[in-house]
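**Student:** What follows is the file coords31.cif, containing mmCIF, N, CA and C atoms:
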data_entry
#
loop_
_atom_site.label_atom_id
_atom_site.label_comp_id
_atom_site.auth_asym_id
_atom_site.auth_seq_id
_atom_site.Cartn_x
_atom_site.Cartn_y
_atom_site.Cartn_z
N LEU A 1219 -3.52 4.69 -14.01
CA LEU A 1219 -4.21 4.73 -12.72
C LEU A 1219 -4.38 6.18 -12.27
N PRO A 1220 -5.48 6.47 -11.59
CA PRO A 1220 -5.65 7.82 -11.06
C PRO A 1220 -4.63 8.13 -9.97
N VAL A 1221 -4.35 9.41 -9.79
CA VAL A 1221 -3.40 9.85 -8.77
C VAL A 1221 -4.17 10.54 -7.65
N LYS A 1222 -3.82 10.21 -6.42
CA LYS A 1222 -4.42 10.87 -5.24
C LYS A 1222 -3.31 11.34 -4.33
N ALA A 1223 -3.56 12.46 -3.70
CA ALA A 1223 -2.64 12.96 -2.68
C ALA A 1223 -2.76 12.09 -1.44
N LEU A 1224 -1.64 11.87 -0.77
CA LEU A 1224 -1.66 11.12 0.49
C LEU A 1224 -2.65 11.75 1.46
N SER A 1225 -2.76 13.06 1.44
CA SER A 1225 -3.68 13.76 2.35
C SER A 1225 -5.15 13.46 2.06
N GLU A 1226 -5.45 12.91 0.89
CA GLU A 1226 -6.83 12.54 0.54
C GLU A 1226 -7.20 11.14 1.03
N LEU A 1227 -6.21 10.36 1.43
CA LEU A 1227 -6.46 8.99 1.88
C LEU A 1227 -6.78 8.98 3.37
N PRO A 1228 -7.28 7.86 3.88
CA PRO A 1228 -7.54 7.76 5.33
C PRO A 1228 -6.28 8.08 6.14
N ASP A 1229 -6.47 8.64 7.33
CA ASP A 1229 -5.35 8.99 8.20
C ASP A 1229 -4.42 7.80 8.44
N GLN A 1230 -4.98 6.60 8.49
CA GLN A 1230 -4.17 5.41 8.74
C GLN A 1230 -3.16 5.17 7.61
N ALA A 1231 -3.48 5.61 6.39
CA ALA A 1231 -2.54 5.46 5.27
C ALA A 1231 -1.32 6.34 5.50
N ARG A 1232 -1.53 7.56 5.97
CA ARG A 1232 -0.39 8.44 6.28
C ARG A 1232 0.46 7.84 7.39
N GLN A 1233 -0.19 7.29 8.41
CA GLN A 1233 0.55 6.67 9.51
C GLN A 1233 1.37 5.47 9.01
N THR A 1234 0.78 4.67 8.12
CA THR A 1234 1.51 3.53 7.55
C THR A 1234 2.68 4.02 6.72
N TRP A 1235 2.49 5.09 5.94
CA TRP A 1235 3.57 5.65 5.13
C TRP A 1235 4.72 6.11 6.03
N GLU A 1236 4.41 6.72 7.15
CA GLU A 1236 5.45 7.15 8.09
C GLU A 1236 6.24 5.94 8.61
N LEU A 1237 5.55 4.84 8.90
CA LEU A 1237 6.23 3.62 9.34
C LEU A 1237 7.13 3.06 8.24
N ILE A 1238 6.65 3.10 6.99
CA ILE A 1238 7.46 2.60 5.88
C ILE A 1238 8.73 3.42 5.76
N LYS A 1239 8.60 4.75 5.81
CA LYS A 1239 9.77 5.62 5.69
C LYS A 1239 10.76 5.39 6.83
N ALA A 1240 10.23 5.06 8.02
CA ALA A 1240 11.08 4.84 9.19
C ALA A 1240 11.65 3.42 9.24
N GLY A 1241 11.18 2.55 8.36
CA GLY A 1241 11.65 1.16 8.37
C GLY A 1241 10.99 0.31 9.45
N GLY A 1242 9.83 0.74 9.94
CA GLY A 1242 9.09 -0.02 10.95
C GLY A 1242 9.26 0.60 12.32
N PRO A 1243 8.82 -0.09 13.33
CA PRO A 1243 8.28 -1.44 13.36
C PRO A 1243 6.84 -1.48 12.83
N PHE A 1244 6.50 -2.60 12.22
CA PHE A 1244 5.19 -2.76 11.61
C PHE A 1244 4.30 -3.62 12.48
N PRO A 1245 3.01 -3.32 12.51
CA PRO A 1245 2.10 -4.04 13.40
C PRO A 1245 1.73 -5.44 12.93
N GLU A 1246 1.84 -5.70 11.63
CA GLU A 1246 1.43 -7.00 11.08
C GLU A 1246 2.65 -7.75 10.55
N ARG A 1247 2.70 -9.04 10.79
CA ARG A 1247 3.85 -9.83 10.34
C ARG A 1247 3.97 -9.85 8.82
N GLN A 1248 2.86 -9.65 8.10
CA GLN A 1248 2.88 -9.67 6.65
C GLN A 1248 3.42 -8.37 6.05
N ASP A 1249 3.51 -7.32 6.86
CA ASP A 1249 3.97 -6.02 6.35
C ASP A 1249 5.40 -6.13 5.84
N GLY A 1250 5.61 -5.61 4.63
CA GLY A 1250 6.92 -5.66 4.01
C GLY A 1250 7.16 -6.89 3.16
N THR A 1251 6.16 -7.77 3.08
CA THR A 1251 6.32 -8.97 2.26
C THR A 1251 6.08 -8.63 0.79
N VAL A 1252 6.51 -9.54 -0.07
CA VAL A 1252 6.40 -9.33 -1.51
C VAL A 1252 4.93 -9.31 -1.92
N PHE A 1253 4.58 -8.31 -2.72
CA PHE A 1253 3.27 -8.25 -3.37
C PHE A 1253 3.46 -8.74 -4.79
N GLY A 1254 2.74 -9.79 -5.17
CA GLY A 1254 2.97 -10.45 -6.45
C GLY A 1254 2.30 -9.82 -7.65
N ASN A 1255 1.41 -8.85 -7.46
CA ASN A 1255 0.71 -8.21 -8.58
C ASN A 1255 0.02 -9.24 -9.47
N ARG A 1256 -0.52 -10.29 -8.87
CA ARG A 1256 -1.20 -11.33 -9.65
C ARG A 1256 -2.41 -10.79 -10.39
N GLU A 1257 -2.99 -9.72 -9.87
CA GLU A 1257 -4.15 -9.12 -10.53
C GLU A 1257 -3.75 -8.38 -11.80
N GLY A 1258 -2.47 -8.03 -11.91
CA GLY A 1258 -1.97 -7.35 -13.10
C GLY A 1258 -2.41 -5.89 -13.22
N LEU A 1259 -2.80 -5.28 -12.11
CA LEU A 1259 -3.28 -3.89 -12.15
C LEU A 1259 -2.15 -2.87 -12.05
N LEU A 1260 -1.01 -3.27 -11.52
CA LEU A 1260 0.15 -2.38 -11.43
C LEU A 1260 1.07 -2.66 -12.61
N PRO A 1261 1.96 -1.73 -12.93
CA PRO A 1261 2.92 -1.98 -14.02
C PRO A 1261 3.68 -3.29 -13.80
N ASP A 1262 3.93 -3.99 -14.88
CA ASP A 1262 4.60 -5.28 -14.82
C ASP A 1262 6.08 -5.12 -14.50
N HIS A 1263 6.53 -5.86 -13.49
CA HIS A 1263 7.94 -5.87 -13.09
C HIS A 1263 8.32 -7.27 -12.66
N GLU A 1264 9.61 -7.49 -12.46
CA GLU A 1264 10.09 -8.80 -12.04
C GLU A 1264 9.55 -9.13 -10.65
N PRO A 1265 9.43 -10.44 -10.36
CA PRO A 1265 8.97 -10.86 -9.02
C PRO A 1265 9.83 -10.22 -7.92
N GLY A 1266 9.18 -9.80 -6.86
CA GLY A 1266 9.88 -9.19 -5.73
C GLY A 1266 9.99 -7.68 -5.82
N TYR A 1267 9.52 -7.09 -6.92
CA TYR A 1267 9.64 -5.65 -7.12
C TYR A 1267 8.77 -4.86 -6.14
N TYR A 1268 7.58 -5.39 -5.84
CA TYR A 1268 6.62 -4.68 -4.98
C TYR A 1268 6.57 -5.27 -3.58
N ARG A 1269 6.32 -4.40 -2.59
CA ARG A 1269 6.11 -4.81 -1.20
C ARG A 1269 4.77 -4.24 -0.73
N GLU A 1270 4.10 -4.96 0.16
CA GLU A 1270 2.80 -4.50 0.65
C GLU A 1270 2.82 -4.26 2.15
N TYR A 1271 1.96 -3.33 2.56
CA TYR A 1271 1.86 -2.93 3.96
C TYR A 1271 0.40 -2.71 4.31
N THR A 1272 0.02 -3.14 5.49
CA THR A 1272 -1.35 -3.00 5.96
C THR A 1272 -1.66 -1.55 6.34
N VAL A 1273 -2.80 -1.07 5.85
CA VAL A 1273 -3.36 0.19 6.31
C VAL A 1273 -4.51 -0.20 7.23
N PRO A 1274 -4.38 -0.01 8.54
CA PRO A 1274 -5.42 -0.47 9.46
C PRO A 1274 -6.81 0.07 9.09
N THR A 1275 -7.79 -0.80 9.26
CA THR A 1275 -9.19 -0.45 9.02
C THR A 1275 -9.89 -0.46 10.38
N PRO A 1276 -10.35 0.71 10.85
CA PRO A 1276 -11.01 0.75 12.16
C PRO A 1276 -12.17 -0.25 12.23
N ASP A 1277 -12.29 -0.89 13.37
CA ASP A 1277 -13.37 -1.84 13.66
C ASP A 1277 -13.32 -3.11 12.83
N SER A 1278 -12.24 -3.34 12.10
CA SER A 1278 -12.12 -4.60 11.34
C SER A 1278 -11.59 -5.68 12.28
N PRO A 1279 -12.16 -6.88 12.21
CA PRO A 1279 -11.68 -7.96 13.08
C PRO A 1279 -10.36 -8.57 12.62
N ASP A 1280 -9.91 -8.19 11.41
CA ASP A 1280 -8.65 -8.72 10.89
C ASP A 1280 -7.85 -7.57 10.26
N ARG A 1281 -6.95 -7.86 9.35
CA ARG A 1281 -6.11 -6.82 8.73
C ARG A 1281 -6.94 -5.84 7.90
N GLY A 1282 -8.12 -6.23 7.50
CA GLY A 1282 -8.94 -5.36 6.67
C GLY A 1282 -8.46 -5.36 5.23
N PRO A 1283 -9.12 -4.60 4.35
CA PRO A 1283 -8.84 -4.64 2.92
C PRO A 1283 -7.84 -3.61 2.42
N ARG A 1284 -7.41 -2.70 3.26
CA ARG A 1284 -6.62 -1.56 2.78
C ARG A 1284 -5.12 -1.85 2.86
N ARG A 1285 -4.40 -1.47 1.78
CA ARG A 1285 -2.95 -1.68 1.73
C ARG A 1285 -2.26 -0.53 1.02
N LEU A 1286 -1.03 -0.28 1.41
CA LEU A 1286 -0.10 0.51 0.61
C LEU A 1286 0.86 -0.48 -0.03
N VAL A 1287 1.18 -0.25 -1.30
CA VAL A 1287 2.13 -1.08 -2.03
C VAL A 1287 3.23 -0.17 -2.55
N THR A 1288 4.47 -0.55 -2.27
CA THR A 1288 5.61 0.23 -2.73
C THR A 1288 6.34 -0.52 -3.84
N GLY A 1289 6.97 0.26 -4.73
CA GLY A 1289 7.82 -0.31 -5.77
C GLY A 1289 9.25 0.10 -5.53
N GLN A 1290 10.18 -0.58 -6.16
CA GLN A 1290 11.60 -0.32 -5.93
C GLN A 1290 12.06 1.03 -6.46
N SER A 1291 11.27 1.66 -7.32
CA SER A 1291 11.63 2.98 -7.85
C SER A 1291 10.83 4.09 -7.16
N ASP A 1292 10.52 3.88 -5.88
CA ASP A 1292 9.81 4.85 -5.05
C ASP A 1292 8.35 5.06 -5.44
N GLU A 1293 7.76 4.12 -6.18
CA GLU A 1293 6.34 4.22 -6.47
C GLU A 1293 5.55 3.90 -5.20
N LEU A 1294 4.37 4.48 -5.11
CA LEU A 1294 3.50 4.23 -3.97
C LEU A 1294 2.07 4.11 -4.48
N TYR A 1295 1.42 3.02 -4.10
CA TYR A 1295 0.05 2.74 -4.53
C TYR A 1295 -0.80 2.46 -3.30
N TYR A 1296 -2.11 2.71 -3.43
CA TYR A 1296 -3.06 2.43 -2.36
C TYR A 1296 -4.22 1.64 -2.94
N THR A 1297 -4.63 0.60 -2.22
CA THR A 1297 -5.85 -0.13 -2.56
C THR A 1297 -6.77 -0.12 -1.35
N PRO A 1298 -8.00 0.35 -1.53
CA PRO A 1298 -8.96 0.34 -0.43
C PRO A 1298 -9.75 -0.96 -0.34
N ASP A 1299 -9.60 -1.82 -1.36
CA ASP A 1299 -10.50 -2.95 -1.53
C ASP A 1299 -9.77 -4.27 -1.82
N HIS A 1300 -8.66 -4.48 -1.13
CA HIS A 1300 -7.90 -5.73 -1.21
C HIS A 1300 -7.56 -6.10 -2.65
N TYR A 1301 -6.90 -5.17 -3.33
CA TYR A 1301 -6.29 -5.38 -4.66
C TYR A 1301 -7.28 -5.37 -5.82
N ARG A 1302 -8.53 -4.99 -5.61
CA ARG A 1302 -9.46 -4.91 -6.74
C ARG A 1302 -9.25 -3.63 -7.53
N SER A 1303 -8.74 -2.59 -6.86
CA SER A 1303 -8.45 -1.33 -7.54
C SER A 1303 -7.28 -0.65 -6.83
N PHE A 1304 -6.60 0.22 -7.57
CA PHE A 1304 -5.45 0.94 -7.03
C PHE A 1304 -5.48 2.39 -7.48
N VAL A 1305 -4.86 3.25 -6.70
CA VAL A 1305 -4.53 4.61 -7.12
C VAL A 1305 -3.04 4.80 -6.88
N VAL A 1306 -2.44 5.67 -7.69
CA VAL A 1306 -1.07 6.09 -7.44
C VAL A 1306 -1.14 7.14 -6.34
N VAL A 1307 -0.27 7.06 -5.37
CA VAL A 1307 -0.26 8.01 -4.25
C VAL A 1307 0.88 9.00 -4.42
N ASP A 1308 0.55 10.28 -4.32
CA ASP A 1308 1.56 11.33 -4.28
C ASP A 1308 1.82 11.63 -2.80
N PRO A 1309 2.93 11.14 -2.25
CA PRO A 1309 3.17 11.32 -0.81
C PRO A 1309 3.56 12.75 -0.44
N ASN A 1310 3.80 13.60 -1.41
CA ASN A 1310 4.19 14.99 -1.13
C ASN A 1310 3.00 15.93 -1.05
N ARG A 1311 1.82 15.38 -1.23
CA ARG A 1311 0.63 16.23 -1.16
C ARG A 1311 -0.34 15.70 -0.14
#
Please express the file's structure as structure tokens.
**Tutor:**
Amino acid sequence: LPVKALSELPDQARQTWELIKAGGPFPERQDGTVFGNREGLLPDHEPGYYREYTVPTPDSPDRGPRRLVTGQSDELYYTPDHYRSFVVVDPNR
């Protein structure tokens, strides 16, 4: 997967990352729930390995398509299109 700096993503992604690091509170009840990787686009791991978080989409009437997905080994992924594609996120850049 391609790698992108957190600073290259929408500002809302950085704000969501700050909430993840702080342990919440999260705006959506689904935030922090298990991401199943049913699409098979992320590395294969045991069920429960990944968690997903909403990246707010301005003017969206619902949660929108953007998410951050974390892995148990400090991996961070971003999808702008509701799991159709992902990039690895470098949160230090």
**Student:** Extract, using all atoms listed in the file, all DNA, RNA and protein residues at most 7 Å from A:Ser1225, discarding same-chain residues fewer than 4 positions from it, and format them as a tab-separated table (two decimals) with N, CA and C atoms, in the frame of the given file.
**Tutor:**
chain	number	residue	atom	x	y	z
A	1308	ASP	N	0.55	10.28	-4.32
A	1308	ASP	CA	1.56	11.33	-4.28
A	1308	ASP	C	1.82	11.63	-2.80
A	1309	PRO	N	2.93	11.14	-2.25
A	1309	PRO	CA	3.17	11.32	-0.81
A	1309	PRO	C	3.56	12.75	-0.44
A	1310	ASN	N	3.80	13.60	-1.41
A	1310	ASN	CA	4.19	14.99	-1.13
A	1310	ASN	C	3.00	15.93	-1.05
A	1311	ARG	N	1.82	15.38	-1.23
A	1311	ARG	CA	0.63	16.23	-1.16
A	1311	ARG	C	-0.34	15.70	-0.14
**Student:** Do you know which residues the PyMOL selection byres ((chain A and resi 1249) around 8) returns on this file, as a PDB file with N, CA and C atoms, in the frame of the given file?
**Tutor:**
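Saved as expr-v2.pdb:
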ATOM      1  N   PHE A1244       6.500  -2.600  12.220  1.00  0.00           N
ATOM      2  CA  PHE A1244       5.190  -2.760  11.610  1.00  0.00           C
ATOM      3  C   PHE A1244       4.300  -3.620  12.480  1.00  0.00           C
ATOM      4  N   PRO A1245       3.010  -3.320  12.510  1.00  0.00           N
ATOM      5  CA  PRO A1245       2.100  -4.040  13.400  1.00  0.00           C
ATOM      6  C   PRO A1245       1.730  -5.440  12.930  1.00  0.00           C
ATOM      7  N   GLU A1246       1.840  -5.700  11.630  1.00  0.00           N
ATOM      8  CA  GLU A1246       1.430  -7.000  11.080  1.00  0.00           C
ATOM      9  C   GLU A1246       2.650  -7.750  10.550  1.00  0.00           C
ATOM     10  N   ARG A1247       2.700  -9.040  10.790  1.00  0.00           N
ATOM     11  CA  ARG A1247       3.850  -9.830  10.340  1.00  0.00           C
ATOM     12  C   ARG A1247       3.970  -9.850   8.820  1.00  0.00           C
ATOM     13  N   GLN A1248       2.860  -9.650   8.100  1.00  0.00           N
ATOM     14  CA  GLN A1248       2.880  -9.670   6.650  1.00  0.00           C
ATOM     15  C   GLN A1248       3.420  -8.370   6.050  1.00  0.00           C
ATOM     16  N   GLY A1250       5.610  -5.610   4.630  1.00  0.00           N
ATOM     17  CA  GLY A1250       6.920  -5.660   4.010  1.00  0.00           C
ATOM     18  C   GLY A1250       7.160  -6.890   3.160  1.00  0.00           C
ATOM     19  N   THR A1251       6.160  -7.770   3.080  1.00  0.00           N
ATOM     20  CA  THR A1251       6.320  -8.970   2.260  1.00  0.00           C
ATOM     21  C   THR A1251       6.080  -8.630   0.790  1.00  0.00           C
ATOM     22  N   VAL A1252       6.510  -9.540  -0.070  1.00  0.00           N
ATOM     23  CA  VAL A1252       6.400  -9.330  -1.510  1.00  0.00           C
ATOM     24  C   VAL A1252       4.930  -9.310  -1.920  1.00  0.00           C
ATOM     25  N   ARG A1269       6.320  -4.400  -2.590  1.00  0.00           N
ATOM     26  CA  ARG A1269       6.110  -4.810  -1.200  1.00  0.00           C
ATOM     27  C   ARG A1269       4.770  -4.240  -0.730  1.00  0.00           C
ATOM     28  N   GLU A1270       4.100  -4.960   0.160  1.00  0.00           N
ATOM     29  CA  GLU A1270       2.800  -4.500   0.650  1.00  0.00           C
ATOM     30  C   GLU A1270       2.820  -4.260   2.150  1.00  0.00           C
ATOM     31  N   TYR A1271       1.960  -3.330   2.560  1.00  0.00           N
ATOM     32  CA  TYR A1271       1.860  -2.930   3.960  1.00  0.00           C
ATOM     33  C   TYR A1271       0.400  -2.710   4.310  1.00  0.00           C
ATOM     34  N   THR A1272       0.020  -3.140   5.490  1.00  0.00           N
ATOM     35  CA  THR A1272      -1.350  -3.000   5.960  1.00  0.00           C
ATOM     36  C   THR A1272      -1.660  -1.550   6.340  1.00  0.00           C
TER      37      THR A1272
END
**Student:** Quote the spacing between atom CA of A:Leu1227 and atom CA of A:Gly1254 in Å to one decimal place.
**Tutor:**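 Separation between atom CA of A:Leu1227 and atom CA of A:Gly1254: 23.2 Å.
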**Student:** Determine which residues of chain A DSSP labels as helix (DSSP H, G or I) from the backbone of this structure, then write them out as an NGL selection string.
**Tutor:** :A and (1224-1226 or 1229-1240)
**Student:** Any chance you could work out the residue set of the PyMOL selection byres (((chain A and resi 1290 and name CA) around 10) and name CA) here, as a VMD selection string?
**Tutor:** chain A and resid 1263 1266 to 1269 1288 to 1289 1291 to 1294
**Student:** Could you pull out the residues in chain A that DSSP calls strand (DSSP E) from the backbone, as a count of residues only?
**Tutor:** 24
**Student:** Considering only C-alpha atoms, can you say which of A:Tyr1295, A:Val1305, A:Arg1256, A:His1300 comes closest to A:Gly1282?
**Tutor:** A:His1300
**Student:** For the atom pair atom CA of A:Leu1219 and atom C of A:Phe1304, what is the interatomic distance in Å to one decimal place?
**Tutor:**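 For atom CA of A:Leu1219 relative to atom C of A:Phe1304, the distance reads 5.9 Å.
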**Student:** Enter the distance from atom CA of A:Gly1258 to atom CA of A:Ser1303, in Å, rounded to one decimal.
**Tutor:**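 We find that atom CA of A:Gly1258 and atom CA of A:Ser1303 lie 10.4 Å from each other.
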**Student:** For each of A:Glu1226, A:Val1221, A:Leu1237, A:Ala1231, take the minimum atom-to-atom distance to A:Pro1274, counting only N, CA and C atoms, then give the residue where this is smallest.
**Tutor:**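 Nearest to A:Pro1274: A:Ala1231.
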**Student:** In terms of the shortest atom-to-atom distance over only C-alpha atoms, which of A:Tyr1296, A:Arg1302, A:Val1273, A:Glu1257 is closest to A:Ala1223?
**Tutor:**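 Answer, going by the shortest atom-to-atom distance: A:Tyr1296.
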**Student:** Expand the PyMOL selection byres (((chain A and resi 1283 and name CA) around 8) and name CA) into the individual residues it matches in the shown file, reporting them as a list in words.
**Tutor:**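 On the file shown, the PyMOL selection byres (((chain A and resi 1283 and name CA) around 8) and name CA) covers Thr1275, Arg1281, Gly1282, Arg1284, Arg1285, Thr1297, Pro1298, Asp1299 and His1300 of chain A.
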**Student:** Which residue gives the smallest distance to A:Phe1253 among A:Asp1280, A:Ile1238, A:Pro1220, A:Val1287, with all atoms listed in the file counted?
**Tutor:**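 Distance minimum relative to A:Phe1253 lands on A:Val1287.
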